[in-house]
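Text of run.txt, listed as compact mmCIF, C-alpha atoms:
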```txt
# COMPACT_ATOMS: atom_id res chain seq x y z
CA MET A 4 88.25 125.48 52.34
CA LYS A 5 86.67 122.61 54.20
CA ALA A 6 87.63 118.97 54.40
CA LYS A 7 84.92 116.52 55.33
CA VAL A 8 86.10 113.21 56.76
CA TYR A 9 83.82 110.20 57.10
CA VAL A 10 85.03 107.38 59.32
CA THR A 11 83.18 104.07 59.09
CA LEU A 12 83.69 100.64 60.57
CA LYS A 13 85.19 98.13 58.16
CA PRO A 14 82.50 95.88 56.67
CA SER A 15 84.03 92.87 58.45
CA VAL A 16 83.66 94.50 61.90
CA LEU A 17 80.39 94.01 63.79
CA ASP A 18 78.68 97.21 64.91
CA PRO A 19 76.69 96.60 68.11
CA GLN A 20 75.69 100.27 68.36
CA GLY A 21 74.35 100.28 64.80
CA LYS A 22 72.38 97.12 65.59
CA ALA A 23 70.83 98.75 68.69
CA ILE A 24 69.89 101.84 66.66
CA GLN A 25 68.36 99.66 63.96
CA HIS A 26 66.30 97.86 66.59
CA SER A 27 64.93 101.15 67.92
CA VAL A 28 64.18 102.40 64.43
CA GLU A 29 62.23 99.22 63.74
CA LEU A 30 60.32 99.60 67.02
CA LEU A 31 59.28 103.05 65.77
CA GLY A 32 57.52 101.33 62.91
CA PHE A 33 60.00 101.87 60.10
CA GLU A 34 60.04 98.79 57.93
CA GLN A 35 62.31 97.48 55.18
CA ILE A 36 65.47 98.45 57.09
CA ALA A 37 68.19 96.01 56.06
CA ASP A 38 71.01 97.41 58.18
CA ILE A 39 72.18 100.52 60.05
CA ARG A 40 75.83 101.17 60.77
CA GLN A 41 77.18 104.04 62.85
CA GLY A 42 80.13 106.15 61.79
CA LYS A 43 81.82 109.46 62.57
CA TYR A 44 81.92 112.70 60.63
CA PHE A 45 84.52 115.46 60.96
CA GLU A 46 84.73 118.93 59.41
CA ILE A 47 88.22 120.37 59.15
CA ALA A 48 88.50 124.05 58.21
CA LEU A 49 91.67 124.67 56.21
CA ASP A 50 93.31 127.86 55.00
CA ALA A 51 91.28 129.27 52.11
CA ASP A 52 94.29 129.74 49.83
CA LEU A 53 95.55 126.14 50.16
CA PRO A 54 95.80 124.29 46.83
CA GLU A 55 93.19 121.53 46.67
CA ASN A 56 95.71 118.69 46.35
CA ILE A 57 97.60 119.87 49.45
CA ALA A 58 94.33 120.22 51.37
CA ARG A 59 93.40 116.69 50.40
CA GLN A 60 96.81 115.30 51.38
CA THR A 61 96.63 117.07 54.73
CA ALA A 62 93.12 115.80 55.48
CA GLU A 63 94.03 112.28 54.37
CA ARG A 64 96.98 112.22 56.76
CA ILE A 65 94.90 113.53 59.66
CA ALA A 66 92.26 110.90 58.90
CA LYS A 67 94.80 108.10 58.67
CA ASP A 68 96.93 109.07 61.69
CA VAL A 69 94.31 110.36 64.12
CA LEU A 70 90.65 110.18 63.16
CA ALA A 71 90.46 106.54 62.08
CA ASN A 72 91.93 103.41 63.62
CA PRO A 73 93.01 101.39 60.57
CA VAL A 74 92.56 98.11 62.50
CA ILE A 75 88.78 98.55 62.57
CA GLU A 76 87.89 101.60 60.49
CA ASP A 77 87.96 103.00 56.94
CA TYR A 78 87.82 106.68 56.04
CA ARG A 79 86.81 108.85 53.11
CA VAL A 80 87.80 112.49 52.52
CA GLU A 81 85.83 115.13 50.59
CA ILE A 82 87.20 118.60 49.86
CA ASN A 83 84.74 121.51 49.55
CA LYS A 84 86.05 124.80 48.24
CA MET B 15 113.76 98.56 91.51
CA LYS B 16 111.40 101.38 90.66
CA PHE B 17 107.88 101.47 89.24
CA GLY B 18 106.13 104.35 87.50
CA VAL B 19 102.40 104.83 87.09
CA VAL B 20 101.64 106.94 84.03
CA VAL B 21 98.86 109.47 84.66
CA PHE B 22 96.84 111.02 81.84
CA PRO B 23 94.03 113.54 82.25
CA GLY B 24 91.13 111.20 83.05
CA SER B 25 93.13 108.24 84.41
CA ASN B 26 91.32 106.98 87.51
CA CYS B 27 92.99 103.70 88.51
CA ASP B 28 96.36 105.36 89.00
CA HIS B 29 96.03 105.48 92.78
CA ASP B 30 94.95 101.82 92.94
CA ALA B 31 98.05 100.82 90.97
CA TYR B 32 100.25 103.02 93.14
CA HIS B 33 98.74 101.54 96.31
CA VAL B 34 99.34 97.97 95.18
CA VAL B 35 102.94 98.58 94.18
CA SER B 36 103.81 100.45 97.36
CA LYS B 37 101.84 98.31 99.82
CA HIS B 38 101.75 94.79 98.36
CA VAL B 39 104.76 94.74 96.06
CA GLY B 40 106.70 96.84 98.55
CA GLN B 41 108.68 98.75 95.96
CA PRO B 42 109.23 102.45 95.31
CA VAL B 43 106.76 103.96 92.85
CA ASP B 44 106.16 107.39 91.33
CA PHE B 45 103.26 108.95 89.49
CA ILE B 46 104.41 110.04 86.03
CA TRP B 47 102.39 112.93 84.60
CA HIS B 48 101.73 112.50 80.89
CA LYS B 49 103.87 115.54 80.02
CA GLN B 50 107.01 113.96 81.43
CA THR B 51 109.45 112.71 78.79
CA ASP B 52 112.33 111.36 80.90
CA LEU B 53 111.74 107.82 82.14
CA SER B 54 115.29 107.02 83.17
CA GLY B 55 115.55 105.24 86.49
CA TYR B 56 112.36 103.23 86.06
CA ASP B 57 112.22 99.46 85.58
CA ALA B 58 108.50 99.06 84.92
CA LEU B 59 105.62 101.31 83.93
CA ILE B 60 101.96 100.74 84.65
CA VAL B 61 99.56 102.40 82.23
CA PRO B 62 96.46 102.43 84.42
CA GLY B 63 92.75 102.28 83.78
CA GLY B 64 90.34 105.16 83.54
CA PHE B 65 89.01 107.41 80.82
CA SER B 66 92.04 109.22 79.45
CA TYR B 67 90.88 112.31 77.54
CA GLY B 68 87.31 111.32 78.33
CA ASP B 69 87.48 108.48 75.79
CA TYR B 70 87.04 111.18 73.13
CA LEU B 71 87.35 109.95 69.53
CA ARG B 72 88.06 106.35 70.66
CA ALA B 73 89.15 104.93 74.01
CA GLY B 74 92.90 105.52 74.26
CA ALA B 75 93.13 107.32 70.93
CA LEU B 76 94.18 110.75 72.24
CA ALA B 77 96.44 109.54 75.05
CA ARG B 78 98.61 108.09 72.33
CA PHE B 79 99.66 111.64 71.39
CA SER B 80 100.66 112.68 74.93
CA PRO B 81 104.34 113.66 75.24
CA VAL B 82 105.11 110.72 77.55
CA MET B 83 104.14 108.13 74.93
CA LYS B 84 107.24 108.62 72.79
CA ALA B 85 109.29 107.88 75.91
CA VAL B 86 107.07 104.88 76.74
CA LYS B 87 107.74 103.47 73.26
CA ASP B 88 111.49 103.89 73.70
CA PHE B 89 111.19 102.34 77.17
CA ALA B 90 109.41 99.30 75.71
CA ALA B 91 111.88 99.05 72.83
CA ALA B 92 114.69 98.89 75.40
CA GLY B 93 113.08 95.73 76.78
CA LYS B 94 111.72 97.30 79.97
CA PHE B 95 108.29 96.37 81.26
CA VAL B 96 105.12 98.19 80.23
CA PHE B 97 101.92 96.91 81.81
CA GLY B 98 98.62 98.31 80.50
CA VAL B 99 95.39 97.66 82.38
CA CYS B 100 91.93 98.40 80.94
CA ASN B 101 92.23 101.91 79.46
CA GLY B 102 96.00 101.28 79.58
CA PHE B 103 95.47 98.25 77.31
CA GLN B 104 93.40 100.42 74.96
CA ILE B 105 96.16 103.04 74.91
CA LEU B 106 98.85 100.42 74.15
CA CYS B 107 96.76 99.11 71.23
CA GLU B 108 96.11 102.61 69.88
CA SER B 109 99.85 103.36 70.16
CA GLY B 110 100.80 100.29 68.19
CA LEU B 111 102.71 98.76 71.14
CA LEU B 112 100.21 95.90 71.01
CA PRO B 113 98.27 94.69 67.95
CA GLY B 114 94.50 94.82 67.46
CA ALA B 115 91.86 97.13 68.89
CA LEU B 116 89.28 97.21 71.66
CA MET B 117 85.74 97.93 70.51
CA ARG B 118 82.39 98.54 72.17
CA ASN B 119 81.25 95.46 74.12
CA SER B 120 79.06 93.31 71.88
CA ASN B 121 76.27 93.44 74.50
CA LEU B 122 76.56 97.27 74.63
CA HIS B 123 76.70 97.23 78.44
CA PHE B 124 79.31 98.76 80.68
CA VAL B 125 80.24 95.57 82.52
CA CYS B 126 81.47 95.96 86.10
CA GLN B 127 81.83 92.61 87.87
CA HIS B 128 84.23 89.92 89.00
CA ILE B 129 84.94 87.53 86.13
CA ASN B 130 87.23 84.54 85.71
CA ILE B 131 90.28 84.45 83.50
CA ARG B 132 92.48 81.50 82.66
CA VAL B 133 96.25 81.72 82.49
CA GLU B 134 97.14 80.66 78.94
CA ASN B 135 100.89 81.13 79.13
CA GLU B 136 102.76 80.96 82.42
CA LYS B 137 106.16 81.53 80.82
CA THR B 138 106.01 85.32 80.73
CA PRO B 139 107.40 88.00 83.04
CA TYR B 140 103.83 88.68 84.20
CA THR B 141 102.72 85.11 84.89
CA SER B 142 105.78 83.17 86.09
CA GLU B 143 104.29 82.85 89.60
CA LEU B 144 101.11 81.33 88.15
CA ASP B 145 100.34 77.93 86.63
CA ALA B 146 99.10 77.31 83.11
CA GLY B 147 95.35 76.78 83.23
CA GLU B 148 95.02 78.48 86.62
CA VAL B 149 91.76 80.39 87.00
CA LEU B 150 91.89 83.88 88.52
CA SER B 151 88.95 85.89 89.79
CA ILE B 152 89.58 89.50 88.76
CA PRO B 153 87.13 92.38 88.29
CA ILE B 154 86.46 94.08 84.98
CA ALA B 155 84.90 97.52 84.51
CA HIS B 156 84.64 98.62 80.90
CA ALA B 157 82.38 99.32 77.94
CA GLU B 158 85.08 98.88 75.31
CA GLY B 159 86.86 95.61 75.96
CA ASN B 160 85.81 93.68 72.89
CA TYR B 161 89.16 92.64 71.43
CA VAL B 162 89.29 92.51 67.64
CA CYS B 163 92.12 91.80 65.22
CA ASP B 164 92.51 90.43 61.71
CA ASP B 165 93.09 86.74 61.06
CA ARG B 166 96.80 87.16 60.46
CA THR B 167 97.34 88.95 63.76
CA PHE B 168 95.25 86.33 65.55
CA ALA B 169 97.31 83.49 64.09
CA GLU B 170 100.49 85.31 65.11
CA LEU B 171 99.21 85.72 68.67
CA GLU B 172 98.16 82.08 68.91
CA ASP B 173 101.22 80.58 67.29
CA ASN B 174 103.57 82.50 69.57
CA ASN B 175 101.59 82.00 72.81
CA ARG B 176 100.97 85.71 73.10
CA ILE B 177 97.41 85.31 74.34
CA ILE B 178 98.14 85.42 78.07
CA PHE B 179 94.63 85.45 79.59
CA ARG B 180 91.24 84.26 78.34
CA TYR B 181 87.79 84.77 79.87
CA CYS B 182 86.46 81.47 81.21
CA ASP B 183 83.98 80.02 83.69
CA GLU B 184 84.93 79.07 87.26
CA ASN B 185 86.16 75.67 86.04
CA GLY B 186 88.44 77.19 83.44
CA GLU B 187 86.19 76.28 80.50
CA LEU B 188 85.93 78.75 77.64
CA SER B 189 82.42 79.61 76.44
CA ASP B 190 80.43 82.47 74.98
CA GLU B 191 78.60 82.81 78.31
CA ALA B 192 81.91 83.38 80.09
CA ASN B 193 82.92 86.04 77.58
CA PRO B 194 81.72 89.37 79.03
CA ASN B 195 82.34 91.59 76.01
CA GLY B 196 82.44 89.56 72.79
CA SER B 197 86.25 89.49 72.55
CA ARG B 198 87.65 87.35 69.78
CA SER B 199 88.50 83.89 71.13
CA ASN B 200 87.70 85.11 74.71
CA ILE B 201 90.90 87.17 74.74
CA ALA B 202 91.37 89.10 78.00
CA GLY B 203 95.08 89.91 77.72
CA ILE B 204 97.95 89.73 75.22
CA CYS B 205 101.63 90.57 75.11
CA ASN B 206 104.02 91.85 72.45
CA ALA B 207 106.43 89.59 70.57
CA GLU B 208 109.23 90.22 73.09
CA GLY B 209 106.95 89.56 76.08
CA ASN B 210 107.81 92.75 77.99
CA VAL B 211 104.61 94.63 77.11
CA LEU B 212 101.34 93.23 78.45
CA GLY B 213 97.83 94.58 78.07
CA MET B 214 94.75 93.20 79.80
CA MET B 215 91.19 94.42 80.36
CA PRO B 216 90.66 92.92 83.86
CA HIS B 217 92.01 94.91 86.83
CA PRO B 218 94.53 92.86 88.87
CA GLU B 219 95.26 95.96 90.98
CA ARG B 220 91.68 95.74 92.26
CA ALA B 221 92.18 92.12 93.28
CA CYS B 222 95.04 92.26 95.77
CA GLU B 223 93.10 92.23 99.04
CA GLU B 224 90.68 89.68 100.48
CA LEU B 225 88.55 92.58 101.64
CA LEU B 226 87.92 93.46 97.99
CA GLY B 227 86.74 89.96 97.14
CA SER B 228 89.91 88.47 95.69
CA ASN B 229 93.67 88.68 95.94
CA ASP B 230 94.31 86.71 92.76
CA GLY B 231 95.86 89.79 91.17
CA ARG B 232 98.85 89.73 93.51
CA ASP B 233 100.63 86.92 91.67
CA ILE B 234 100.75 88.99 88.50
CA PHE B 235 102.55 91.79 90.35
CA ARG B 236 104.75 89.25 92.17
CA SER B 237 105.73 87.74 88.80
CA LEU B 238 106.60 91.14 87.40
CA THR B 239 108.66 92.01 90.46
CA LYS B 240 110.57 88.75 90.13
CA ALA B 241 111.21 89.41 86.44
CA ILE B 242 112.63 92.85 87.22
CA ALA B 243 114.83 91.45 90.00
CA GLU B 244 116.21 88.76 87.67
CA LYS B 245 116.89 91.14 84.82
```
Would you give me this structure, written as structure tokens?
Amino acid sequence: MKAKVYVTLKPSVLDPQGKAIQHSVELLGFEQIADIRQGKYFEIALDADLPENIARQTAERIAKDVLANPVIEDYRVEINK
Amino acid sequence: MKFGVVVFPGSNCDHDAYHVVSKHVGQPVDFIWHKQTDLSGYDALIVPGGFSYGDYLRAGALARFSPVMKAVKDFAAAGKFVFGVCNGFQILCESGLLPGALMRNSNLHFVCQHINIRVENEKTPYTSELDAGEVLSIPIAHAEGNYVCDDRTFAELEDNNRIIFRYCDENGELSDEANPNGSRSNIAGICNAEGNVLGMMPHPERACEELLGSNDGRDIFRSLTKAIAEK
């Protein structure tokens, strides 16, 4: 079983790295780009026989306590069997 | 009186801090490896700058889980002094000992230069030997010093005079040009509600000798020493 965790900056937080990436993308000739924001992606391999709700709880706690800083970031967890 | 300098894998200003305490403050000081959990006998801890755990995940995020940090929290809760500089400030924020977070500099540059900071509150254990409004020349060296916090936290910091240092120009004026990293309200250093935990991005330990361009950092260490002696 795999948990996928997406960590993104809160909408209210400016993302200077995303802005720099957007600038480069536009220099490459891509048009109609409204915004690019950078985030982080984690894959957590969990025991195969873990019930899905426990796997989700575990991944949510890891995301909340370690992977994301709640002051500036949000997170989202997906469970793949 | 005894100081400790906490050393994580990747700390690199630990020797500077040690040097300043032993040579300029003239007090006994030990290095404290991050696996140590007994902090009895110490009066003040310096959490030094550097790149603990290579800044993996976020600056300061992994140091927070080192064994020593539980003891550092108890140490702070007992009213003893915890002084975080640069990466140390980031670690104290990640640990919840100080509010807010330090993000990538808004200009994206690693900024390494002497800057000016203004003393915003001289009635703290770290600034008693300084005057309110005094301008200090202290170097910074960081890529993640952009202080952010929500409005409620900011109001709390302001209302309780917990913003201790702000980036300013040489005349003590605040401006965007004098802000090297985009920090909210030019914040360079804050303290906790009790005043015994201070975090700041500039490096006072690198500004204690004329030879290094400034000795304005000495008064911060002198203040702290006085506070410990009076305790």
Could you name the residues that touch Asp77 (chain A) at 8 Å or less, counting all atoms listed in the file, but leaving out those on the same chain fewer than 2 positions away, as a VMD selection string? chain A and resid 10 to 13 71 to 73 75 79
Distance-based interface of chain A with chain B, 10 Å, counting all atoms listed in the file, as a ChimeraX atom specification: /A:15-20,22-23,43,69-75
Would you mind exporting the chosen residues as an mmCIF file, in the coordinates of the input, restricted to C-alpha atoms?
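Below you can see part_10.cif, which holds the result:
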```cif
data_model
loop_
_atom_site.group_PDB
_atom_site.id
_atom_site.type_symbol
_atom_site.label_atom_id
_atom_site.label_comp_id
_atom_site.auth_asym_id
_atom_site.auth_seq_id
_atom_site.Cartn_x
_atom_site.Cartn_y
_atom_site.Cartn_z
ATOM 1 C CA SER A 15 84.030 92.870 58.450
ATOM 2 C CA VAL A 16 83.660 94.500 61.900
ATOM 3 C CA LEU A 17 80.390 94.010 63.790
ATOM 4 C CA ASP A 18 78.680 97.210 64.910
ATOM 5 C CA PRO A 19 76.690 96.600 68.110
ATOM 6 C CA GLN A 20 75.690 100.270 68.360
ATOM 7 C CA LYS A 22 72.380 97.120 65.590
ATOM 8 C CA ALA A 23 70.830 98.750 68.690
ATOM 9 C CA LYS A 43 81.820 109.460 62.570
ATOM 10 C CA VAL A 69 94.310 110.360 64.120
ATOM 11 C CA LEU A 70 90.650 110.180 63.160
ATOM 12 C CA ALA A 71 90.460 106.540 62.080
ATOM 13 C CA ASN A 72 91.930 103.410 63.620
ATOM 14 C CA PRO A 73 93.010 101.390 60.570
ATOM 15 C CA VAL A 74 92.560 98.110 62.500
ATOM 16 C CA ILE A 75 88.780 98.550 62.570
#
```
Rank nothing, just name the residue among A:Ile65, A:Ala58, A:Val80, A:Gly21 nearest to Arg40 (chain A), using all atoms listed in the file.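 Counting all atoms listed in the file, the residue closest to Arg40 (chain A) is A:Gly21.
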Residue among A:Ala62, A:Lys67, A:Pro14, A:Ile24 lying closest to Glu46 (chain A), counting only C-alpha atoms: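 Checking each of A:Ala62, A:Lys67, A:Pro14, A:Ile24 against Glu46 (chain A), counting only C-alpha atoms, the winner is A:Ala62.
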By how many Å are CA of Ser66 (chain B) and CA of Ser25 (chain B) apart?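 Value for the CA of Ser66 (chain B)-CA of Ser25 (chain B) distance: 5.2 Å.
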As a check of understanding: the span from CA of Leu112 (chain B) to CA of Trp47 (chain B) is 21.9 Å
d(CA of Phe45 (chain A), CA of Ala66 (chain A)) in Å: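 Interatomic distance, CA of Phe45 (chain A) to CA of Ala66 (chain A): 9.2 Å.
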Could you tell me which of B:Pro194, B:Val43, B:Pro153, B:Cys126 comes closest to Gly227 (chain B) if we count all atoms listed in the file?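 Among the listed residues, the smallest separation from Gly227 (chain B) belongs to B:Pro153.
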For Pro62 (chain B), the nearest of the candidates B:Val19, B:Ala77, B:Leu225, B:Met214, counting all atoms listed in the file: B:Val19
Env of Tyr44 (chain A): 8 Å cut, atoms = only C-alpha atoms, seq-sep filter 3 positions within chain, self excluded. Answer as a PyMOL selection string. chain A and resi 7-10
Within 10 Å of Gln127 (chain B), counting only C-alpha atoms, which residues show up once you throw out same-chain ones fewer than 6 positions away? Write them as a list in words, please. Ser151, Ile152, Pro153, Ile154, Ala155, His156, Pro194 and Pro216 of chain B
